[in-house]
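Coordinates from protein37.tsv are shown below (TSV, N, CA and C atoms).
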```tsv
chain	number	residue	atom	x	y	z
W	1	MET	N	19.44	-3.59	-4.09
W	1	MET	CA	19.13	-5.01	-3.94
W	1	MET	C	19.65	-5.48	-2.59
W	2	ARG	N	18.93	-6.36	-1.96
W	2	ARG	CA	19.32	-6.87	-0.65
W	2	ARG	C	20.48	-7.81	-0.74
W	3	GLN	N	21.31	-7.75	0.29
W	3	GLN	CA	22.46	-8.65	0.34
W	3	GLN	C	22.06	-10.00	0.94
W	4	GLU	N	21.18	-9.98	1.96
W	4	GLU	CA	20.80	-11.24	2.59
W	4	GLU	C	19.79	-11.97	1.72
W	5	SER	N	19.82	-13.27	1.82
W	5	SER	CA	18.86	-14.04	1.03
W	5	SER	C	17.62	-14.29	1.86
W	6	LEU	N	16.50	-14.33	1.18
W	6	LEU	CA	15.23	-14.59	1.85
W	6	LEU	C	14.71	-15.95	1.42
W	7	ASN	N	14.15	-16.67	2.37
W	7	ASN	CA	13.47	-17.88	1.95
W	7	ASN	C	12.04	-17.50	1.58
W	8	SER	N	11.30	-18.41	0.98
W	8	SER	CA	9.98	-18.07	0.46
W	8	SER	C	9.00	-17.65	1.56
W	9	SER	N	9.10	-18.21	2.75
W	9	SER	CA	8.17	-17.81	3.81
W	9	SER	C	8.49	-16.41	4.32
W	10	GLN	N	9.78	-16.05	4.37
W	10	GLN	CA	10.15	-14.69	4.76
W	10	GLN	C	9.65	-13.69	3.72
W	11	LEU	N	9.82	-14.04	2.46
W	11	LEU	CA	9.36	-13.16	1.39
W	11	LEU	C	7.85	-13.00	1.45
W	12	ALA	N	7.12	-14.08	1.66
W	12	ALA	CA	5.66	-14.02	1.76
W	12	ALA	C	5.25	-13.12	2.92
W	13	SER	N	5.97	-13.19	4.04
W	13	SER	CA	5.67	-12.35	5.20
W	13	SER	C	5.92	-10.87	4.89
W	14	GLU	N	7.01	-10.59	4.19
W	14	GLU	CA	7.33	-9.20	3.85
W	14	GLU	C	6.33	-8.63	2.84
W	15	VAL	N	5.96	-9.43	1.85
W	15	VAL	CA	4.97	-8.98	0.88
W	15	VAL	C	3.64	-8.75	1.60
W	16	GLY	N	3.28	-9.66	2.48
W	16	GLY	CA	2.05	-9.51	3.25
W	16	GLY	C	2.04	-8.25	4.10
W	17	ALA	N	3.17	-7.95	4.73
W	17	ALA	CA	3.26	-6.73	5.56
W	17	ALA	C	3.12	-5.49	4.69
W	18	ALA	N	3.69	-5.53	3.49
W	18	ALA	CA	3.57	-4.38	2.58
W	18	ALA	C	2.13	-4.21	2.12
W	19	ILE	N	1.47	-5.31	1.81
W	19	ILE	CA	0.06	-5.24	1.40
W	19	ILE	C	-0.77	-4.63	2.54
W	20	ALA	N	-0.56	-5.12	3.74
W	20	ALA	CA	-1.31	-4.61	4.89
W	20	ALA	C	-1.05	-3.12	5.11
W	21	ALA	N	0.20	-2.70	5.00
W	21	ALA	CA	0.54	-1.29	5.22
W	21	ALA	C	-0.14	-0.41	4.17
W	22	HIS	N	-0.11	-0.84	2.92
W	22	HIS	CA	-0.75	-0.04	1.86
W	22	HIS	C	-2.26	-0.04	2.01
W	23	ARG	N	-2.82	-1.17	2.41
W	23	ARG	CA	-4.28	-1.24	2.63
W	23	ARG	C	-4.69	-0.29	3.73
W	24	LYS	N	-3.95	-0.32	4.84
W	24	LYS	CA	-4.28	0.55	5.97
W	24	LYS	C	-4.09	2.02	5.63
W	25	ALA	N	-3.06	2.31	4.83
W	25	ALA	CA	-2.83	3.69	4.41
W	25	ALA	C	-3.99	4.22	3.58
W	26	ARG	N	-4.65	3.35	2.84
W	26	ARG	CA	-5.81	3.73	2.03
W	26	ARG	C	-7.10	3.64	2.84
W	27	GLN	N	-6.95	3.26	4.13
W	27	GLN	CA	-8.08	3.12	5.05
W	27	GLN	C	-9.13	2.14	4.52
W	28	LEU	N	-8.63	1.02	4.00
W	28	LEU	CA	-9.51	-0.05	3.52
W	28	LEU	C	-9.46	-1.21	4.50
W	29	THR	N	-10.57	-1.87	4.66
W	29	THR	CA	-10.60	-3.07	5.49
W	29	THR	C	-10.23	-4.27	4.64
W	30	GLN	N	-9.88	-5.36	5.29
W	30	GLN	CA	-9.62	-6.59	4.56
W	30	GLN	C	-10.87	-7.02	3.81
W	31	ALA	N	-12.01	-6.81	4.42
W	31	ALA	CA	-13.28	-7.19	3.78
W	31	ALA	C	-13.51	-6.38	2.50
W	32	ALA	N	-13.21	-5.09	2.54
W	32	ALA	CA	-13.40	-4.24	1.35
W	32	ALA	C	-12.46	-4.68	0.22
W	33	VAL	N	-11.23	-5.01	0.56
W	33	VAL	CA	-10.28	-5.48	-0.45
W	33	VAL	C	-10.76	-6.80	-1.03
W	34	ALA	N	-11.24	-7.68	-0.16
W	34	ALA	CA	-11.73	-8.98	-0.61
W	34	ALA	C	-12.88	-8.82	-1.60
W	35	VAL	N	-13.82	-7.95	-1.28
W	35	VAL	CA	-14.96	-7.72	-2.17
W	35	VAL	C	-14.47	-7.19	-3.52
W	36	ALA	N	-13.55	-6.22	-3.48
W	36	ALA	CA	-13.04	-5.62	-4.72
W	36	ALA	C	-12.32	-6.64	-5.60
W	37	LEU	N	-11.67	-7.61	-4.97
W	37	LEU	CA	-10.93	-8.63	-5.73
W	37	LEU	C	-11.74	-9.89	-6.01
W	38	GLY	N	-12.91	-9.98	-5.40
W	38	GLY	CA	-13.76	-11.16	-5.61
W	38	GLY	C	-13.24	-12.40	-4.91
W	39	VAL	N	-12.65	-12.20	-3.72
W	39	VAL	CA	-12.14	-13.32	-2.93
W	39	VAL	C	-12.72	-13.23	-1.52
W	40	GLU	N	-12.46	-14.24	-0.73
W	40	GLU	CA	-12.91	-14.24	0.66
W	40	GLU	C	-12.01	-13.35	1.51
W	41	LYS	N	-12.54	-12.77	2.57
W	41	LYS	CA	-11.75	-11.95	3.49
W	41	LYS	C	-10.58	-12.75	4.05
W	42	GLU	N	-10.81	-14.02	4.31
W	42	GLU	CA	-9.76	-14.89	4.84
W	42	GLU	C	-8.55	-14.96	3.89
W	43	THR	N	-8.81	-14.88	2.59
W	43	THR	CA	-7.72	-14.90	1.62
W	43	THR	C	-6.82	-13.69	1.80
W	44	ILE	N	-7.41	-12.52	2.00
W	44	ILE	CA	-6.63	-11.30	2.22
W	44	ILE	C	-5.86	-11.42	3.53
W	45	SER	N	-6.50	-11.92	4.56
W	45	SER	CA	-5.83	-12.11	5.85
W	45	SER	C	-4.63	-13.04	5.70
W	46	ARG	N	-4.81	-14.12	4.97
W	46	ARG	CA	-3.72	-15.09	4.79
W	46	ARG	C	-2.58	-14.52	3.96
W	47	MET	N	-2.91	-13.65	2.99
W	47	MET	CA	-1.85	-12.97	2.23
W	47	MET	C	-1.05	-12.04	3.15
W	48	GLU	N	-1.77	-11.27	3.95
W	48	GLU	CA	-1.13	-10.28	4.81
W	48	GLU	C	-0.27	-10.91	5.90
W	49	THR	N	-0.63	-12.10	6.32
W	49	THR	CA	0.16	-12.78	7.36
W	49	THR	C	1.23	-13.68	6.77
W	50	GLY	N	1.28	-13.75	5.44
W	50	GLY	CA	2.32	-14.54	4.79
W	50	GLY	C	2.03	-16.02	4.72
W	51	VAL	N	0.81	-16.43	5.05
W	51	VAL	CA	0.44	-17.84	4.97
W	51	VAL	C	0.38	-18.28	3.51
W	52	ILE	N	-0.14	-17.40	2.65
W	52	ILE	CA	-0.14	-17.67	1.22
W	52	ILE	C	0.55	-16.51	0.50
W	53	THR	N	1.10	-16.82	-0.66
W	53	THR	CA	1.80	-15.81	-1.46
W	53	THR	C	0.91	-15.44	-2.64
W	54	PRO	N	0.64	-14.14	-2.83
W	54	PRO	CA	-0.19	-13.76	-3.97
W	54	PRO	C	0.51	-14.01	-5.30
W	55	THR	N	-0.27	-14.36	-6.30
W	55	THR	CA	0.28	-14.54	-7.64
W	55	THR	C	0.60	-13.17	-8.24
W	56	LEU	N	1.32	-13.18	-9.36
W	56	LEU	CA	1.60	-11.91	-10.04
W	56	LEU	C	0.30	-11.22	-10.47
W	57	PHE	N	-0.65	-12.01	-10.94
W	57	PHE	CA	-1.95	-11.46	-11.32
W	57	PHE	C	-2.60	-10.76	-10.13
W	58	ARG	N	-2.57	-11.42	-8.97
W	58	ARG	CA	-3.20	-10.85	-7.77
W	58	ARG	C	-2.43	-9.61	-7.30
W	59	LEU	N	-1.08	-9.64	-7.40
W	59	LEU	CA	-0.29	-8.46	-7.04
W	59	LEU	C	-0.66	-7.27	-7.92
W	60	LYS	N	-0.89	-7.53	-9.20
W	60	LYS	CA	-1.30	-6.46	-10.12
W	60	LYS	C	-2.65	-5.90	-9.70
W	61	GLN	N	-3.59	-6.76	-9.38
W	61	GLN	CA	-4.91	-6.31	-8.92
W	61	GLN	C	-4.77	-5.46	-7.65
W	62	LEU	N	-3.97	-5.96	-6.72
W	62	LEU	CA	-3.77	-5.24	-5.45
W	62	LEU	C	-3.12	-3.88	-5.68
W	63	SER	N	-2.12	-3.83	-6.56
W	63	SER	CA	-1.45	-2.56	-6.80
W	63	SER	C	-2.41	-1.53	-7.40
W	64	GLU	N	-3.28	-1.98	-8.27
W	64	GLU	CA	-4.27	-1.07	-8.85
W	64	GLU	C	-5.27	-0.60	-7.80
W	65	LEU	N	-5.74	-1.52	-6.99
W	65	LEU	CA	-6.70	-1.18	-5.94
W	65	LEU	C	-6.08	-0.25	-4.89
W	66	LEU	N	-4.84	-0.55	-4.52
W	66	LEU	CA	-4.17	0.22	-3.46
W	66	LEU	C	-3.42	1.44	-4.01
W	67	GLU	N	-3.53	1.62	-5.31
W	67	GLU	CA	-2.93	2.78	-5.99
W	67	GLU	C	-1.44	2.91	-5.70
W	68	CYS	N	-0.73	1.82	-5.95
W	68	CYS	CA	0.72	1.81	-5.77
W	68	CYS	C	1.33	0.96	-6.89
W	69	ARG	N	2.64	0.98	-6.99
W	69	ARG	CA	3.32	0.15	-7.97
W	69	ARG	C	3.40	-1.28	-7.44
W	70	MET	N	3.45	-2.24	-8.34
W	70	MET	CA	3.60	-3.63	-7.90
W	70	MET	C	4.86	-3.78	-7.06
W	71	GLY	N	5.91	-3.10	-7.44
W	71	GLY	CA	7.17	-3.16	-6.71
W	71	GLY	C	7.04	-2.69	-5.27
W	72	ASP	N	6.11	-1.76	-5.03
W	72	ASP	CA	5.88	-1.29	-3.67
W	72	ASP	C	5.37	-2.41	-2.76
W	73	LEU	N	4.70	-3.38	-3.36
W	73	LEU	CA	4.17	-4.50	-2.59
W	73	LEU	C	5.22	-5.59	-2.36
W	74	LEU	N	6.36	-5.46	-3.04
W	74	LEU	CA	7.43	-6.44	-2.87
W	74	LEU	C	8.49	-5.97	-1.88
W	75	ASP	N	8.34	-4.75	-1.38
W	75	ASP	CA	9.28	-4.21	-0.42
W	75	ASP	C	8.62	-4.07	0.94
W	76	MET	N	9.40	-4.35	1.99
W	76	MET	CA	8.93	-4.16	3.35
W	76	MET	C	8.79	-2.66	3.59
W	77	PRO	N	7.63	-2.21	4.07
W	77	PRO	CA	7.48	-0.78	4.31
W	77	PRO	C	8.44	-0.30	5.39
W	78	ARG	N	9.02	0.87	5.18
W	78	ARG	CA	9.92	1.42	6.18
W	78	ARG	C	9.08	1.89	7.35
W	79	VAL	N	9.59	1.68	8.55
W	79	VAL	CA	8.86	2.02	9.77
W	79	VAL	C	8.44	3.48	9.78
W	80	GLU	N	9.34	4.38	9.35
W	80	GLU	CA	8.98	5.79	9.38
W	80	GLU	C	7.82	6.09	8.45
W	81	ASN	N	7.71	5.38	7.32
W	81	ASN	CA	6.58	5.59	6.43
W	81	ASN	C	5.28	5.13	7.07
W	82	VAL	N	5.32	4.01	7.76
W	82	VAL	CA	4.12	3.49	8.42
W	82	VAL	C	3.68	4.47	9.51
W	83	GLU	N	4.63	4.99	10.27
W	83	GLU	CA	4.28	5.95	11.33
W	83	GLU	C	3.72	7.24	10.74
W	84	GLN	N	4.31	7.71	9.64
W	84	GLN	CA	3.78	8.91	8.99
W	84	GLN	C	2.37	8.66	8.46
W	85	THR	N	2.18	7.49	7.90
W	85	THR	CA	0.86	7.14	7.39
W	85	THR	C	-0.17	7.12	8.51
W	86	LYS	N	0.18	6.54	9.64
W	86	LYS	CA	-0.73	6.50	10.79
W	86	LYS	C	-1.05	7.91	11.26
W	87	ALA	N	-0.04	8.78	11.30
W	87	ALA	CA	-0.24	10.16	11.76
W	87	ALA	C	-1.20	10.90	10.83
W	88	ILE	N	-1.01	10.72	9.53
W	88	ILE	CA	-1.89	11.38	8.56
W	88	ILE	C	-3.30	10.83	8.67
W	89	ALA	N	-3.42	9.51	8.79
W	89	ALA	CA	-4.74	8.89	8.91
W	89	ALA	C	-5.46	9.41	10.15
W	90	LYS	N	-4.73	9.58	11.24
W	90	LYS	CA	-5.34	10.10	12.47
W	90	LYS	C	-5.82	11.54	12.27
W	91	LEU	N	-5.01	12.34	11.57
W	91	LEU	CA	-5.38	13.74	11.34
W	91	LEU	C	-6.65	13.87	10.52
W	92	ILE	N	-6.79	13.04	9.50
W	92	ILE	CA	-7.96	13.19	8.63
W	92	ILE	C	-9.11	12.26	9.01
W	93	GLY	N	-8.87	11.40	9.99
W	93	GLY	CA	-9.86	10.39	10.37
W	93	GLY	C	-11.22	10.91	10.76
W	94	GLU	N	-11.27	12.10	11.34
W	94	GLU	CA	-12.55	12.63	11.80
W	94	GLU	C	-13.21	13.54	10.77
W	95	LEU	N	-12.58	13.70	9.62
W	95	LEU	CA	-13.19	14.49	8.56
W	95	LEU	C	-14.24	13.67	7.84
W	96	SER	N	-15.14	14.36	7.17
W	96	SER	CA	-16.14	13.65	6.37
W	96	SER	C	-15.44	13.00	5.17
W	97	PRO	N	-16.06	12.02	4.56
W	97	PRO	CA	-15.44	11.40	3.38
W	97	PRO	C	-15.11	12.42	2.28
W	98	LYS	N	-15.96	13.40	2.09
W	98	LYS	CA	-15.71	14.43	1.08
W	98	LYS	C	-14.48	15.26	1.47
W	99	GLU	N	-14.38	15.62	2.75
W	99	GLU	CA	-13.22	16.39	3.21
W	99	GLU	C	-11.95	15.55	3.11
W	100	GLN	N	-12.03	14.26	3.44
W	100	GLN	CA	-10.87	13.38	3.31
W	100	GLN	C	-10.41	13.31	1.86
W	101	ALA	N	-11.35	13.19	0.95
W	101	ALA	CA	-11.00	13.12	-0.47
W	101	ALA	C	-10.32	14.41	-0.92
W	102	THR	N	-10.78	15.54	-0.40
W	102	THR	CA	-10.16	16.82	-0.73
W	102	THR	C	-8.73	16.87	-0.23
W	103	VAL	N	-8.50	16.43	1.00
W	103	VAL	CA	-7.14	16.43	1.56
W	103	VAL	C	-6.24	15.50	0.75
W	104	VAL	N	-6.72	14.33	0.41
W	104	VAL	CA	-5.92	13.38	-0.38
W	104	VAL	C	-5.59	13.98	-1.75
W	105	ARG	N	-6.56	14.64	-2.37
W	105	ARG	CA	-6.31	15.28	-3.67
W	105	ARG	C	-5.24	16.35	-3.55
W	106	ILE	N	-5.34	17.19	-2.52
W	106	ILE	CA	-4.36	18.27	-2.32
W	106	ILE	C	-2.97	17.69	-2.07
W	107	VAL	N	-2.89	16.68	-1.22
W	107	VAL	CA	-1.58	16.06	-0.95
W	107	VAL	C	-1.03	15.45	-2.24
W	108	GLY	N	-1.87	14.83	-3.03
W	108	GLY	CA	-1.43	14.26	-4.30
W	108	GLY	C	-0.88	15.33	-5.23
W	109	GLU	N	-1.52	16.49	-5.26
W	109	GLU	CA	-1.04	17.59	-6.09
W	109	GLU	C	0.31	18.10	-5.59
W	110	ILE	N	0.47	18.19	-4.28
W	110	ILE	CA	1.74	18.64	-3.71
W	110	ILE	C	2.85	17.65	-4.05
W	111	VAL	N	2.56	16.37	-3.89
W	111	VAL	CA	3.57	15.34	-4.21
W	111	VAL	C	3.95	15.43	-5.69
W	112	ALA	N	2.96	15.61	-6.56
W	112	ALA	CA	3.25	15.72	-7.99
W	112	ALA	C	4.14	16.93	-8.28
W	113	MET	N	3.90	18.04	-7.59
W	113	MET	CA	4.74	19.22	-7.79
W	113	MET	C	6.16	18.99	-7.31
W	114	VAL	N	6.31	18.33	-6.17
W	114	VAL	CA	7.62	18.06	-5.61
W	114	VAL	C	8.42	17.11	-6.50
W	115	HIS	N	7.74	16.15	-7.11
W	115	HIS	CA	8.42	15.14	-7.91
W	115	HIS	C	8.54	15.47	-9.40
W	116	ARG	N	8.15	16.67	-9.78
W	116	ARG	CA	8.30	17.04	-11.19
W	116	ARG	C	9.77	17.00	-11.57
W	117	PRO	N	10.06	16.40	-12.70
W	117	PRO	CA	11.46	16.37	-13.13
W	117	PRO	C	11.95	17.78	-13.44
W	118	VAL	N	13.17	18.04	-13.03
W	118	VAL	CA	13.79	19.32	-13.31
W	118	VAL	C	14.31	19.29	-14.74
W	119	PRO	N	13.93	20.29	-15.56
W	119	PRO	CA	14.42	20.29	-16.95
W	119	PRO	C	15.94	20.38	-16.98
W	120	LYS	N	16.53	19.60	-17.89
W	120	LYS	CA	17.98	19.61	-18.04
W	120	LYS	C	18.41	20.87	-18.76
W	121	LYS	N	19.49	21.44	-18.28
W	121	LYS	CA	20.04	22.63	-18.93
W	121	LYS	C	20.88	22.19	-20.12
W	122	SER	N	20.72	22.91	-21.20
W	122	SER	CA	21.46	22.57	-22.42
W	122	SER	C	22.86	23.09	-22.39
```
Final structure tokens representation of the file:
Amino acid sequence: MRQESLNSSQLASEVGAAIAAHRKARQLTQAAVAVALGVEKETISRMETGVITPTLFRLKQLSELLECRMGDLLDMPRVENVEQTKAIAKLIGELSPKEQATVVRIVGEIVAMVHRPVPKKS
């Protein structure tokens, strides 16, 4: 938990930055997110810039669309994660959509293997 206190505009800015980072990591445009949520593109832009704060309902929709936990949208993305995401996006950016999907599936399988819980010894 953070020690410093945040005012509501700071929190809205941090949530917006997290939404933008996750959207970009999924290589989605603001327009695509807007269509998926049934809102105007300007609404997504205003969320990402912290002008408006998404409701819990909207955060849930975003987390499902962006394939992340709601809590991930409440935390400021770490700079190293954003840089890693950009590097990966650049690497797969010139692949066909089918090839990109294959790479994402493989990476997902690797992550699942790495995060498997270790059985407790009796």
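Across the structure, atom CA of Glu83 of chain W and atom CA of Ile52 of chain W are spaced 26.1 Å apart.
One finds atom C of Lys90 of chain W at 12.8 Å from atom CA of Val104 of chain W.
For the set W:Leu11, W:Val35, W:Leu95, W:Leu62, the residue with the smallest atom-to-atom gap to Gly50 of chain W is W:Leu11, counting all atoms listed in the file.
If you look at atom CA of Glu67 of chain W and atom CA of Lys41 of chain W, they are 19.6 Å away from each other.
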With a distance cut-off of 5 Å and only N, CA and C atoms, select the neighbouring residues of segment 12-26 of chain W, excluding the residue or stretch itself and same-chain residues fewer than 2 positions from it, and output the selection as a PyMOL selection string. chain W and resi 8-10+28+47-50+73+77
So that I can check the secondary structure, give me every residue of chain W assigned helix (DSSP H, G or I) by backbone DSSP, as an MDAnalysis selection string. chainID W and resid 8:25 30:37 41:48 56:65 70:74 79:92 97:114
